[in-house]
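Trainee: Got a structure for you, work.tsv, holding TSV, C-alpha atoms (C1' of nucleotides).
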chain	number	residue	atom	x	y	z
A	1	MET	CA	2.65	60.20	-18.65
A	2	ASN	CA	1.09	57.17	-20.33
A	3	TYR	CA	-0.79	55.23	-17.70
A	4	GLU	CA	-1.66	52.35	-20.01
A	5	THR	CA	1.98	51.62	-20.59
A	6	LEU	CA	2.73	52.12	-16.92
A	7	LEU	CA	0.13	49.53	-15.95
A	8	ARG	CA	1.25	47.03	-18.58
A	9	GLU	CA	4.90	47.42	-17.60
A	10	HIS	CA	3.89	46.38	-14.11
A	11	GLY	CA	1.95	43.39	-15.35
A	12	LEU	CA	-1.49	44.82	-14.61
A	13	LYS	CA	-4.56	44.92	-16.79
A	14	VAL	CA	-5.64	48.29	-18.10
A	15	THR	CA	-9.09	49.26	-16.87
A	16	PRO	CA	-10.89	52.60	-16.96
A	17	GLN	CA	-11.01	52.68	-13.18
A	18	ARG	CA	-7.28	52.19	-12.88
A	19	LEU	CA	-6.60	54.90	-15.43
A	20	GLY	CA	-8.87	57.21	-13.46
A	21	ILE	CA	-7.12	56.44	-10.19
A	22	LEU	CA	-3.70	57.06	-11.67
A	23	SER	CA	-4.61	60.34	-13.32
A	24	ALA	CA	-6.29	61.62	-10.16
A	25	ILE	CA	-3.22	60.83	-8.08
A	26	GLN	CA	-0.90	62.33	-10.65
A	27	GLU	CA	-2.96	65.48	-10.85
A	28	GLU	CA	-2.87	66.06	-7.10
A	29	GLY	CA	0.60	64.66	-6.53
A	30	HIS	CA	-0.51	62.66	-3.49
A	31	MET	CA	-3.90	61.49	-2.33
A	32	GLY	CA	-5.48	59.66	0.54
A	33	ILE	CA	-8.15	57.00	0.07
A	34	ASP	CA	-11.06	59.25	0.97
A	35	ASP	CA	-10.18	62.18	-1.26
A	36	LEU	CA	-9.37	59.76	-4.00
A	37	PHE	CA	-12.75	58.10	-3.63
A	38	LEU	CA	-14.57	61.43	-3.87
A	39	GLN	CA	-12.51	62.46	-6.86
A	40	ILE	CA	-12.85	59.20	-8.74
A	41	LYS	CA	-16.59	59.08	-8.19
A	42	LYS	CA	-16.94	62.12	-10.43
A	43	LYS	CA	-15.83	60.07	-13.40
A	44	PHE	CA	-17.08	56.70	-12.19
A	45	PRO	CA	-20.12	57.29	-10.01
A	46	SER	CA	-20.63	53.56	-9.53
A	47	ILE	CA	-17.12	52.66	-8.44
A	48	SER	CA	-16.99	50.72	-5.20
A	49	LEU	CA	-14.74	51.67	-2.32
A	50	ALA	CA	-13.64	48.04	-2.28
A	51	THR	CA	-12.46	48.38	-5.87
A	52	LEU	CA	-10.44	51.41	-4.91
A	53	TYR	CA	-8.81	49.62	-1.99
A	54	LYS	CA	-8.09	46.56	-4.11
A	55	ASN	CA	-6.49	48.62	-6.84
A	56	ILE	CA	-4.43	50.72	-4.48
A	57	ASN	CA	-3.17	47.55	-2.83
A	58	THR	CA	-2.27	45.80	-6.05
A	59	MET	CA	-0.56	48.89	-7.42
A	60	VAL	CA	1.43	49.26	-4.20
A	61	ASP	CA	2.33	45.56	-4.37
A	62	VAL	CA	3.82	45.91	-7.83
A	63	GLU	CA	5.44	49.18	-6.76
A	64	LEU	CA	3.62	51.28	-9.28
A	65	LEU	CA	2.35	53.32	-6.34
A	66	LYS	CA	4.11	54.17	-3.13
A	67	GLU	CA	2.35	54.51	0.19
A	68	VAL	CA	3.42	57.53	2.20
A	69	ALA	CA	2.66	56.82	5.87
A	70	LEU	CA	1.90	59.82	8.08
A	71	SER	CA	1.71	59.77	11.85
A	72	GLY	CA	-1.76	60.57	13.09
A	73	LEU	CA	-3.24	60.66	9.59
A	74	LYS	CA	-4.23	58.16	6.96
A	75	SER	CA	-1.62	57.28	4.37
A	76	ARG	CA	-1.34	59.08	1.08
A	77	TYR	CA	-0.36	57.49	-2.21
A	78	GLU	CA	1.87	58.73	-4.98
A	79	ILE	CA	3.11	57.36	-8.28
A	80	SER	CA	6.52	55.80	-7.74
A	81	LYS	CA	9.51	57.87	-8.68
A	82	ALA	CA	13.07	58.51	-7.54
A	83	ALA	CA	13.43	58.78	-3.76
A	84	HIS	CA	12.65	62.30	-2.64
A	85	ALA	CA	11.64	64.08	0.54
A	86	HIS	CA	8.16	65.17	1.63
A	87	LEU	CA	6.91	68.25	3.37
A	88	LEU	CA	3.60	68.13	5.21
A	89	CYS	CA	1.60	71.04	6.60
A	90	GLU	CA	0.07	69.82	9.83
A	91	LYS	CA	-2.63	72.43	9.65
A	92	CYS	CA	-4.02	72.23	6.13
A	93	GLY	CA	-2.77	68.73	5.39
A	94	GLN	CA	-1.05	69.63	2.13
A	95	LEU	CA	1.74	67.28	1.20
A	96	LYS	CA	4.47	68.46	-1.14
A	97	ASP	CA	7.47	66.85	-2.74
A	98	LEU	CA	10.83	68.32	-1.90
A	99	ASP	CA	13.56	68.27	-4.46
A	100	PHE	CA	16.04	66.57	-2.22
A	101	ASP	CA	17.82	63.54	-3.57
A	102	LEU	CA	18.07	60.75	-1.02
A	103	LYS	CA	20.08	58.24	-3.00
A	104	ASP	CA	23.52	59.10	-1.65
A	105	LEU	CA	22.30	59.06	1.92
A	106	SER	CA	20.66	55.70	1.38
A	107	THR	CA	23.82	54.28	-0.15
A	108	LYS	CA	25.92	55.50	2.74
A	109	ILE	CA	23.65	54.05	5.41
A	110	GLU	CA	23.34	50.83	3.45
A	111	TYR	CA	27.11	50.53	3.52
A	112	ASP	CA	27.41	51.38	7.22
A	113	SER	CA	24.54	49.21	8.44
A	114	HIS	CA	24.93	46.20	6.15
A	115	TYR	CA	21.21	46.27	5.47
A	116	ARG	CA	20.08	45.62	1.91
A	117	MET	CA	18.25	48.89	1.52
A	118	LYS	CA	14.89	48.96	-0.22
A	119	ARG	CA	13.51	52.33	0.58
A	120	ILE	CA	14.26	55.68	2.17
A	121	ASP	CA	11.76	58.29	3.29
A	122	LEU	CA	12.39	61.74	4.62
A	123	MET	CA	9.33	63.47	6.00
A	124	LEU	CA	9.28	66.98	7.35
A	125	SER	CA	6.22	68.45	8.94
A	126	GLY	CA	5.28	71.83	10.24
A	127	ILE	CA	3.12	74.80	9.38
A	128	CYS	CA	3.18	76.15	5.85
A	129	PRO	CA	3.56	79.89	5.18
A	130	ASP	CA	-0.13	80.30	4.30
A	131	CYS	CA	-1.32	78.67	7.50
A	132	GLN	CA	1.14	80.71	9.59
A	133	GLN	CA	-0.59	83.87	8.36
A	134	GLN	CA	-3.97	82.68	9.53
A	135	ASP	CA	-2.96	82.55	13.18
B	1	MET	CA	14.91	57.13	33.37
B	2	ASN	CA	12.34	58.26	35.93
B	3	TYR	CA	8.92	57.79	34.42
B	4	GLU	CA	7.06	59.41	37.30
B	5	THR	CA	8.89	62.65	36.73
B	6	LEU	CA	8.46	62.31	33.00
B	7	LEU	CA	4.70	61.98	33.36
B	8	ARG	CA	4.42	64.86	35.83
B	9	GLU	CA	6.54	67.12	33.64
B	10	HIS	CA	4.02	66.54	30.89
B	11	GLY	CA	1.09	67.28	33.17
B	12	LEU	CA	-0.17	63.71	33.38
B	13	LYS	CA	-1.16	61.71	36.43
B	14	VAL	CA	1.09	58.88	37.46
B	15	THR	CA	-0.66	55.53	37.29
B	16	PRO	CA	0.76	52.00	37.47
B	17	GLN	CA	-0.55	51.29	33.97
B	18	ARG	CA	1.24	54.31	32.53
B	19	LEU	CA	4.46	53.39	34.25
B	20	GLY	CA	4.13	49.91	32.82
B	21	ILE	CA	3.52	51.21	29.33
B	22	LEU	CA	6.51	53.52	29.46
B	23	SER	CA	8.90	50.94	30.80
B	24	ALA	CA	7.78	48.39	28.22
B	25	ILE	CA	8.34	50.85	25.40
B	26	GLN	CA	11.68	51.94	26.77
B	27	GLU	CA	12.84	48.36	27.16
B	28	GLU	CA	12.05	47.49	23.55
B	29	GLY	CA	12.90	50.88	22.10
B	30	HIS	CA	9.77	50.96	19.95
B	31	MET	CA	6.52	49.06	20.18
B	32	GLY	CA	3.27	48.68	18.31
B	33	ILE	CA	-0.11	48.55	20.04
B	34	ASP	CA	-0.49	44.80	19.82
B	35	ASP	CA	2.92	43.83	21.13
B	36	LEU	CA	2.55	46.44	23.80
B	37	PHE	CA	-0.81	45.01	24.82
B	38	LEU	CA	0.62	41.50	25.12
B	39	GLN	CA	3.60	42.76	27.08
B	40	ILE	CA	1.65	44.95	29.44
B	41	LYS	CA	-0.86	42.21	30.19
B	42	LYS	CA	1.91	40.27	31.89
B	43	LYS	CA	2.07	42.89	34.62
B	44	PHE	CA	-1.57	44.04	34.44
B	45	PRO	CA	-3.66	41.10	33.30
B	46	SER	CA	-6.86	43.12	33.63
B	47	ILE	CA	-5.77	46.13	31.59
B	48	SER	CA	-8.18	47.04	28.83
B	49	LEU	CA	-7.15	47.64	25.26
B	50	ALA	CA	-9.14	50.87	25.41
B	51	THR	CA	-6.99	52.02	28.32
B	52	LEU	CA	-3.91	51.32	26.28
B	53	TYR	CA	-5.23	53.27	23.29
B	54	LYS	CA	-6.31	56.14	25.51
B	55	ASN	CA	-2.94	56.35	27.21
B	56	ILE	CA	-0.98	56.12	24.01
B	57	ASN	CA	-3.10	58.90	22.54
B	58	THR	CA	-2.75	61.23	25.51
B	59	MET	CA	0.97	60.62	25.74
B	60	VAL	CA	1.35	61.35	22.03
B	61	ASP	CA	-0.78	64.49	22.46
B	62	VAL	CA	1.52	65.88	25.13
B	63	GLU	CA	4.52	64.72	23.08
B	64	LEU	CA	5.81	62.38	25.72
B	65	LEU	CA	5.57	59.65	23.10
B	66	LYS	CA	6.16	59.90	19.39
B	67	GLU	CA	4.26	57.89	16.82
B	68	VAL	CA	6.44	56.36	14.14
B	69	ALA	CA	4.26	55.71	11.09
B	70	LEU	CA	5.27	52.83	8.82
B	71	SER	CA	3.88	52.14	5.39
B	72	GLY	CA	2.00	48.88	5.24
B	73	LEU	CA	2.34	48.27	8.99
B	74	LYS	CA	0.79	49.60	12.14
B	75	SER	CA	2.56	52.49	13.82
B	76	ARG	CA	5.14	52.02	16.53
B	77	TYR	CA	5.64	54.28	19.51
B	78	GLU	CA	8.80	55.53	21.16
B	79	ILE	CA	9.62	57.84	24.02
B	80	SER	CA	10.32	61.29	22.62
B	81	LYS	CA	13.94	62.27	22.20
B	82	ALA	CA	16.13	64.27	19.87
B	83	ALA	CA	15.26	63.80	16.20
B	84	HIS	CA	17.02	60.73	14.88
B	85	ALA	CA	16.67	58.34	11.97
B	86	HIS	CA	15.05	54.89	11.95
B	87	LEU	CA	16.00	51.68	10.27
B	88	LEU	CA	13.34	49.03	9.67
B	89	CYS	CA	13.84	45.43	8.60
B	90	GLU	CA	10.96	44.62	6.28
B	91	LYS	CA	11.37	40.92	6.94
B	92	CYS	CA	11.54	40.58	10.73
B	93	GLY	CA	9.97	43.91	11.51
B	94	GLN	CA	12.70	45.09	13.83
B	95	LEU	CA	12.95	48.85	14.14
B	96	LYS	CA	16.21	50.43	15.24
B	97	ASP	CA	17.32	53.94	15.98
B	98	LEU	CA	20.11	55.31	13.86
B	99	ASP	CA	22.54	57.74	15.33
B	100	PHE	CA	22.02	60.34	12.70
B	101	ASP	CA	21.29	63.86	13.82
B	102	LEU	CA	18.55	65.51	11.79
B	103	LYS	CA	18.56	68.94	13.35
B	104	ASP	CA	20.77	70.71	10.82
B	105	LEU	CA	18.84	69.28	7.92
B	106	SER	CA	15.57	70.38	9.49
B	107	THR	CA	16.90	73.88	10.07
B	108	LYS	CA	18.08	74.17	6.50
B	109	ILE	CA	14.78	73.06	5.00
B	110	GLU	CA	12.89	75.26	7.42
B	111	TYR	CA	14.87	78.20	6.14
B	112	ASP	CA	14.44	77.30	2.48
B	113	SER	CA	10.75	76.43	2.64
B	114	HIS	CA	9.51	79.06	5.09
B	115	TYR	CA	7.62	76.37	6.96
B	116	ARG	CA	7.65	76.52	10.74
B	117	MET	CA	9.11	73.06	11.21
B	118	LYS	CA	7.74	70.82	13.92
B	119	ARG	CA	9.13	67.46	13.12
B	120	ILE	CA	11.52	65.55	10.88
B	121	ASP	CA	11.58	61.83	10.25
B	122	LEU	CA	14.03	59.81	8.29
B	123	MET	CA	13.06	56.20	7.75
B	124	LEU	CA	15.16	53.65	5.97
B	125	SER	CA	13.90	50.18	5.29
B	126	GLY	CA	15.40	47.06	3.86
B	127	ILE	CA	16.58	43.63	4.94
B	128	CYS	CA	18.78	43.34	8.01
B	129	PRO	CA	21.98	41.26	7.93
B	130	ASP	CA	20.38	38.40	9.91
B	131	CYS	CA	17.43	38.11	7.57
B	132	GLN	CA	19.68	38.26	4.50
B	133	GLN	CA	21.39	35.10	5.72
B	134	GLN	CA	18.15	33.20	5.95
B	135	ASP	CA	17.43	33.48	2.21
C	1	DT	C1'	-13.32	38.84	-35.28
C	2	DT	C1'	-14.91	35.52	-32.04
C	3	DT	C1'	-14.27	33.11	-27.90
C	4	DG	C1'	-12.34	31.23	-23.43
C	5	DT	C1'	-10.70	32.52	-19.21
C	6	DA	C1'	-8.40	34.68	-15.58
C	7	DA	C1'	-8.73	38.80	-13.56
C	8	DA	C1'	-11.34	43.03	-12.27
C	9	DG	C1'	-15.59	45.44	-10.80
C	10	DG	C1'	-19.46	46.11	-7.63
C	11	DA	C1'	-22.36	45.11	-3.65
C	12	DT	C1'	-22.40	43.40	0.59
C	13	DA	C1'	-20.82	41.02	4.54
C	14	DA	C1'	-17.15	40.19	7.57
C	15	DT	C1'	-13.20	41.45	9.96
C	16	DT	C1'	-10.04	44.42	12.16
C	17	DA	C1'	-8.82	48.70	14.31
C	18	DT	C1'	-9.92	52.47	17.06
C	19	DT	C1'	-12.88	55.47	19.74
C	20	DT	C1'	-16.72	56.43	22.71
C	21	DT	C1'	-19.64	55.70	26.56
C	22	DC	C1'	-20.69	54.87	31.13
C	23	DC	C1'	-19.88	53.49	35.43
C	24	DT	C1'	-16.30	52.43	39.07
C	25	DT	C1'	-11.90	53.41	40.99
C	26	DT	C1'	-7.95	56.20	42.08
C	27	DA	C1'	-4.31	60.00	42.11
C	28	DA	C1'	-3.31	64.02	44.16
C	29	DG	C1'	-4.20	68.55	45.93
C	30	DA	C1'	-6.95	71.13	49.52
D	1	DT	C1'	-8.82	62.59	55.57
D	2	DC	C1'	-11.88	64.52	51.98
D	3	DT	C1'	-13.04	66.06	47.23
D	4	DT	C1'	-12.96	65.78	42.66
D	5	DA	C1'	-11.23	65.57	38.15
D	6	DA	C1'	-9.09	62.27	35.75
D	7	DA	C1'	-8.04	57.34	34.76
D	8	DG	C1'	-9.33	52.40	34.41
D	9	DG	C1'	-12.28	48.67	32.64
D	10	DA	C1'	-16.05	46.56	30.01
D	11	DA	C1'	-18.84	46.88	26.42
D	12	DA	C1'	-20.88	49.20	22.61
D	13	DA	C1'	-20.24	52.06	18.70
D	14	DT	C1'	-17.76	53.68	14.84
D	15	DA	C1'	-14.24	53.68	11.37
D	16	DA	C1'	-11.18	51.36	8.31
D	17	DT	C1'	-10.00	47.60	5.61
D	18	DT	C1'	-10.52	43.10	3.60
D	19	DA	C1'	-13.03	39.04	1.98
D	20	DT	C1'	-16.74	36.92	-0.52
D	21	DC	C1'	-19.53	36.04	-4.33
D	22	DC	C1'	-21.45	36.84	-8.40
D	23	DT	C1'	-21.29	39.63	-12.80
D	24	DT	C1'	-18.60	41.88	-16.19
D	25	DT	C1'	-14.53	42.77	-18.89
D	26	DA	C1'	-9.64	42.80	-20.72
D	27	DC	C1'	-6.98	40.44	-23.58
D	28	DA	C1'	-4.74	36.79	-25.85
D	29	DA	C1'	-5.19	32.70	-28.59
D	30	DA	C1'	-7.74	30.50	-32.03
For this file, produce the structure as structure tokens.

Mentor:
Amino acid sequence: MNYETLLREHGLKVTPQRLGILSAIQEEGHMGIDDLFLQIKKKFPSISLATLYKNINTMVDVELLKEVALSGLKSRYEISKAAHAHLLCEKCGQLKDLDFDLKDLSTKIEYDSHYRMKRIDLMLSGICPDCQQQD
Amino acid sequence: MNYETLLREHGLKVTPQRLGILSAIQEEGHMGIDDLFLQIKKKFPSISLATLYKNINTMVDVELLKEVALSGLKSRYEISKAAHAHLLCEKCGQLKDLDFDLKDLSTKIEYDSHYRMKRIDLMLSGICPDCQQQD
DNA sequence: TTTGTAAAGGATAATTATTTTCCTTTAAGA
DNA sequence: TCTTAAAGGAAAATAATTATCCTTTACAAA
């Protein structure tokens, strides 16, 4: 994926920090602010947490990133893509994408409810196979 | 609904503040901390915000309440019931239950993924019919 | 290229959100 | 009634996020 193009397409300036943020998120799939800050500091030791927050917010605003809200935990962020489901392990915190297309469901509920639908999120949470072993 | 029984069944003491919190949530369907605090102050002007937080947390811990996480907004809380979907209006903030049973879907994904599933949430968001008019 | 400028970065302060502490009060079982 | 562990309230402490202000930089127009 070309992050420079991605940023420009969303009307944002290309900066080294932004490129670093995007590649870190892409590499992990999803990241929370704190992990992201630790990760990004490896490449940019002087980056400010405020810069990270500002960039996350602007990228969410232009819908380059999507915030995944989790109950009881801080949000994670992912690079926007077609609506899909998420699977969270409540023990180890790993968040995975599920290959489950939500478009048809969204369209159906849009039709039934008369809402102009913007977004659909399906979140499953439980204990992953690895963590089940450890009990 | 009998809130005294509900509290006792979850091993919690019955207090006037807790009864007030539960009936406020039930009346509205879902509430965030701040609205809940305003509402509950009508009946208990001296209630502390810390008390509200503590009660919400304990009731979530014993699964009497469920936290509904929303991206970009503070969480809402609802009284636990069978897994159902939610519909949020991004403009007016109203959150509604959708009569959409998620059990079968959860069971299927549990089987496919080998996770021990604890929870499933389906959240749709968009603009409600009323707010569409106002544009 | 150079240059002008709006936007981005970094440090810090400020604000907002949530939790903890500590003392008083109360629910509920003995 | 008592007893006591838990709950309430006020305030302080901590965590999370945003705003401010000055410096630096991306980038487009000359």

Trainee: Adding 8 Å on each side of the box along x, y and z that holds all listed atoms of range 4-21 of chain C, could you give its centre and edge lengths in Å to one decimal, as AutoDock Vina command-line options?

Mentor:
--center_x -15.4 --center_y 43.8 --center_z 1.6 --size_x 30.0 --size_y 41.2 --size_z 66.0

Trainee: Please provide as a PyMOL selection string all residues within 9 Å of DT16 in chain C, with the sequence filter that same-chain residues fewer than 5 positions apart are discarded (counting all atoms listed in the file).

Mentor: chain D and resi 16-18

Trainee: Using only C-alpha atoms (C1' of nucleotides), I'd like every residue of chain C that has an atom within 8 Å of chain A; please write them out as a list in words.

Mentor: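 Within 8 Å of chain A on chain C, we get DG9, DG10 and DA11 of chain C.
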
Trainee: Please dump the current selection as a JSON list (two decimals), in the coordinates of the input; keep C-alpha atoms (C1' of nucleotides).

Mentor:
[["chain", "number", "residue", "atom", "x", "y", "z"],
["C", 9, "DG", "C1'", -15.59, 45.44, -10.80],
["C", 10, "DG", "C1'", -19.46, 46.11, -7.63],
["C", 11, "DA", "C1'", -22.36, 45.11, -3.65]]

Trainee: To one decimal in Å, tell me the separation between CA of Leu95 in chain B and CA of Thr5 in chain B.

Mentor: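 Taking CA of Leu95 in chain B as the start and CA of Thr5 in chain B as the end point, the length is 26.8 Å.
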
Trainee: What would chain A look like once superposed on chain B, with the fit done by least squares over all C-alpha atoms paired in order? Give it as an mmCIF file with C-alpha atoms, keeping the file's coordinate frame.

Mentor:
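The result, stored in result.cif:
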data_model
loop_
_atom_site.group_PDB
_atom_site.id
_atom_site.type_symbol
_atom_site.label_atom_id
_atom_site.label_comp_id
_atom_site.auth_asym_id
_atom_site.auth_seq_id
_atom_site.Cartn_x
_atom_site.Cartn_y
_atom_site.Cartn_z
ATOM 1 C CA MET A 1 14.879 57.195 33.400
ATOM 2 C CA ASN A 2 12.289 58.308 35.947
ATOM 3 C CA TYR A 3 8.878 57.811 34.420
ATOM 4 C CA GLU A 4 7.016 59.427 37.302
ATOM 5 C CA THR A 5 8.829 62.672 36.750
ATOM 6 C CA LEU A 6 8.421 62.336 33.008
ATOM 7 C CA LEU A 7 4.658 61.992 33.365
ATOM 8 C CA ARG A 8 4.359 64.867 35.828
ATOM 9 C CA GLU A 9 6.482 67.141 33.648
ATOM 10 C CA HIS A 10 3.962 66.558 30.893
ATOM 11 C CA GLY A 11 1.029 67.299 33.151
ATOM 12 C CA LEU A 12 -0.204 63.714 33.379
ATOM 13 C CA LYS A 13 -1.225 61.723 36.409
ATOM 14 C CA VAL A 14 1.044 58.899 37.467
ATOM 15 C CA THR A 15 -0.697 55.537 37.314
ATOM 16 C CA PRO A 16 0.719 52.019 37.478
ATOM 17 C CA GLN A 17 -0.549 51.305 33.986
ATOM 18 C CA ARG A 18 1.201 54.324 32.548
ATOM 19 C CA LEU A 19 4.440 53.418 34.279
ATOM 20 C CA GLY A 20 4.137 49.924 32.840
ATOM 21 C CA ILE A 21 3.523 51.223 29.336
ATOM 22 C CA LEU A 22 6.495 53.550 29.486
ATOM 23 C CA SER A 23 8.912 50.962 30.818
ATOM 24 C CA ALA A 24 7.807 48.402 28.235
ATOM 25 C CA ILE A 25 8.355 50.865 25.404
ATOM 26 C CA GLN A 26 11.683 51.966 26.798
ATOM 27 C CA GLU A 27 12.842 48.400 27.180
ATOM 28 C CA GLU A 28 12.075 47.514 23.570
ATOM 29 C CA GLY A 29 12.914 50.903 22.107
ATOM 30 C CA HIS A 30 9.779 50.950 19.952
ATOM 31 C CA MET A 31 6.527 49.057 20.174
ATOM 32 C CA GLY A 32 3.294 48.672 18.307
ATOM 33 C CA ILE A 33 -0.084 48.541 20.038
ATOM 34 C CA ASP A 34 -0.455 44.779 19.816
ATOM 35 C CA ASP A 35 2.958 43.825 21.149
ATOM 36 C CA LEU A 36 2.571 46.436 23.805
ATOM 37 C CA PHE A 37 -0.772 44.995 24.835
ATOM 38 C CA LEU A 38 0.674 41.492 25.148
ATOM 39 C CA GLN A 39 3.643 42.777 27.091
ATOM 40 C CA ILE A 40 1.673 44.969 29.456
ATOM 41 C CA LYS A 41 -0.813 42.217 30.200
ATOM 42 C CA LYS A 42 1.955 40.289 31.933
ATOM 43 C CA LYS A 43 2.094 42.910 34.647
ATOM 44 C CA PHE A 44 -1.522 44.038 34.453
ATOM 45 C CA PRO A 45 -3.614 41.084 33.339
ATOM 46 C CA SER A 46 -6.813 43.103 33.635
ATOM 47 C CA ILE A 47 -5.757 46.112 31.598
ATOM 48 C CA SER A 48 -8.180 46.999 28.838
ATOM 49 C CA LEU A 49 -7.106 47.587 25.265
ATOM 50 C CA ALA A 50 -9.132 50.790 25.424
ATOM 51 C CA THR A 51 -6.992 51.976 28.323
ATOM 52 C CA LEU A 52 -3.890 51.311 26.294
ATOM 53 C CA TYR A 53 -5.208 53.249 23.312
ATOM 54 C CA LYS A 54 -6.324 56.123 25.519
ATOM 55 C CA ASN A 55 -2.957 56.350 27.214
ATOM 56 C CA ILE A 56 -0.979 56.117 24.012
ATOM 57 C CA ASN A 57 -3.107 58.889 22.547
ATOM 58 C CA THR A 58 -2.790 61.195 25.517
ATOM 59 C CA MET A 59 0.946 60.615 25.750
ATOM 60 C CA VAL A 60 1.328 61.345 22.037
ATOM 61 C CA ASP A 61 -0.799 64.478 22.468
ATOM 62 C CA VAL A 62 1.490 65.866 25.142
ATOM 63 C CA GLU A 63 4.494 64.731 23.106
ATOM 64 C CA LEU A 64 5.795 62.387 25.730
ATOM 65 C CA LEU A 65 5.563 59.660 23.099
ATOM 66 C CA LYS A 66 6.164 59.904 19.397
ATOM 67 C CA GLU A 67 4.268 57.883 16.836
ATOM 68 C CA VAL A 68 6.452 56.367 14.145
ATOM 69 C CA ALA A 69 4.261 55.722 11.089
ATOM 70 C CA LEU A 70 5.280 52.845 8.821
ATOM 71 C CA SER A 71 3.878 52.167 5.382
ATOM 72 C CA GLY A 72 1.998 48.901 5.252
ATOM 73 C CA LEU A 73 2.350 48.284 8.986
ATOM 74 C CA LYS A 74 0.802 49.609 12.148
ATOM 75 C CA SER A 75 2.562 52.501 13.831
ATOM 76 C CA ARG A 76 5.142 52.015 16.524
ATOM 77 C CA TYR A 77 5.648 54.285 19.508
ATOM 78 C CA GLU A 78 8.799 55.523 21.158
ATOM 79 C CA ILE A 79 9.623 57.840 24.031
ATOM 80 C CA SER A 80 10.319 61.295 22.640
ATOM 81 C CA LYS A 81 13.922 62.265 22.207
ATOM 82 C CA ALA A 82 16.122 64.284 19.869
ATOM 83 C CA ALA A 83 15.278 63.797 16.189
ATOM 84 C CA HIS A 84 17.028 60.726 14.862
ATOM 85 C CA ALA A 85 16.680 58.325 11.961
ATOM 86 C CA HIS A 86 15.057 54.882 11.930
ATOM 87 C CA LEU A 87 15.999 51.664 10.248
ATOM 88 C CA LEU A 88 13.340 49.033 9.649
ATOM 89 C CA CYS A 89 13.829 45.428 8.568
ATOM 90 C CA GLU A 90 10.955 44.622 6.255
ATOM 91 C CA LYS A 91 11.331 40.939 6.914
ATOM 92 C CA CYS A 92 11.530 40.584 10.682
ATOM 93 C CA GLY A 93 9.947 43.929 11.497
ATOM 94 C CA GLN A 94 12.709 45.091 13.824
ATOM 95 C CA LEU A 95 12.946 48.836 14.129
ATOM 96 C CA LYS A 96 16.206 50.416 15.222
ATOM 97 C CA ASP A 97 17.333 53.927 15.967
ATOM 98 C CA LEU A 98 20.123 55.296 13.847
ATOM 99 C CA ASP A 99 22.554 57.722 15.335
ATOM 100 C CA PHE A 100 22.031 60.329 12.691
ATOM 101 C CA ASP A 101 21.309 63.845 13.826
ATOM 102 C CA LEU A 102 18.563 65.487 11.799
ATOM 103 C CA LYS A 103 18.568 68.924 13.364
ATOM 104 C CA ASP A 104 20.789 70.677 10.837
ATOM 105 C CA LEU A 105 18.851 69.267 7.923
ATOM 106 C CA SER A 106 15.593 70.366 9.486
ATOM 107 C CA THR A 107 16.930 73.858 10.084
ATOM 108 C CA LYS A 108 18.110 74.156 6.511
ATOM 109 C CA ILE A 109 14.815 73.043 5.000
ATOM 110 C CA GLU A 110 12.918 75.242 7.423
ATOM 111 C CA TYR A 111 14.908 78.199 6.157
ATOM 112 C CA ASP A 112 14.481 77.296 2.482
ATOM 113 C CA SER A 113 10.783 76.438 2.630
ATOM 114 C CA HIS A 114 9.565 79.063 5.097
ATOM 115 C CA TYR A 115 7.638 76.387 6.951
ATOM 116 C CA ARG A 116 7.674 76.526 10.739
ATOM 117 C CA MET A 117 9.120 73.078 11.203
ATOM 118 C CA LYS A 118 7.759 70.827 13.924
ATOM 119 C CA ARG A 119 9.149 67.464 13.117
ATOM 120 C CA ILE A 120 11.525 65.558 10.872
ATOM 121 C CA ASP A 121 11.588 61.826 10.254
ATOM 122 C CA LEU A 122 14.052 59.805 8.275
ATOM 123 C CA MET A 123 13.051 56.204 7.736
ATOM 124 C CA LEU A 124 15.149 53.641 5.955
ATOM 125 C CA SER A 125 13.888 50.180 5.260
ATOM 126 C CA GLY A 126 15.380 47.057 3.840
ATOM 127 C CA ILE A 127 16.567 43.637 4.897
ATOM 128 C CA CYS A 128 18.765 43.323 7.956
ATOM 129 C CA PRO A 129 21.958 41.230 7.877
ATOM 130 C CA ASP A 130 20.366 38.382 9.854
ATOM 131 C CA CYS A 131 17.402 38.100 7.520
ATOM 132 C CA GLN A 132 19.662 38.242 4.446
ATOM 133 C CA GLN A 133 21.365 35.067 5.676
ATOM 134 C CA GLN A 134 18.101 33.194 5.889
ATOM 135 C CA ASP A 135 17.392 33.469 2.176
#

Trainee: Work out how far apart CA of Pro129 in chain A and CA of Ile120 in chain B are and give it in Å to one decimal.

Mentor: 17.4 Å

Trainee: Output as a Markdown table one row per residue of chain A within 7 Å of chain B: the closest atom pair and its distance in Å to one decimal place, counting all atoms listed in the file, sorted by chain and residue number ascending.

Mentor:
| residue | atom | partner | partner_atom | distance |
| --- | --- | --- | --- | --- |
| A:Glu67 | CA | B:Ser71 | CA | 5.9 |
| A:Val68 | CA | B:Ser71 | CA | 6.3 |
| A:Ala69 | CA | B:Ser71 | CA | 4.9 |
| A:Leu70 | CA | B:Ala69 | CA | 5.6 |
| A:Ser71 | CA | B:Ala69 | CA | 4.9 |
| A:His114 | CA | B:Pro129 | CA | 6.0 |
| A:Tyr115 | CA | B:Cys128 | CA | 4.6 |
| A:Arg116 | CA | B:Ile127 | CA | 5.0 |
| A:Met117 | CA | B:Gly126 | CA | 4.1 |
| A:Lys118 | CA | B:Gly126 | CA | 4.5 |
| A:Arg119 | CA | B:Ser125 | CA | 5.2 |
| A:Ile120 | CA | B:Leu124 | CA | 4.4 |
| A:Asp121 | CA | B:Met123 | CA | 5.1 |
| A:Leu122 | CA | B:Leu122 | CA | 4.5 |
| A:Met123 | CA | B:Asp121 | CA | 5.1 |
| A:Leu124 | CA | B:Ile120 | CA | 4.4 |
| A:Ser125 | CA | B:Arg119 | CA | 5.2 |
| A:Gly126 | CA | B:Met117 | CA | 4.1 |
| A:Ile127 | CA | B:Arg116 | CA | 5.0 |
| A:Cys128 | CA | B:Tyr115 | CA | 4.6 |
| A:Pro129 | CA | B:Tyr115 | CA | 5.7 |
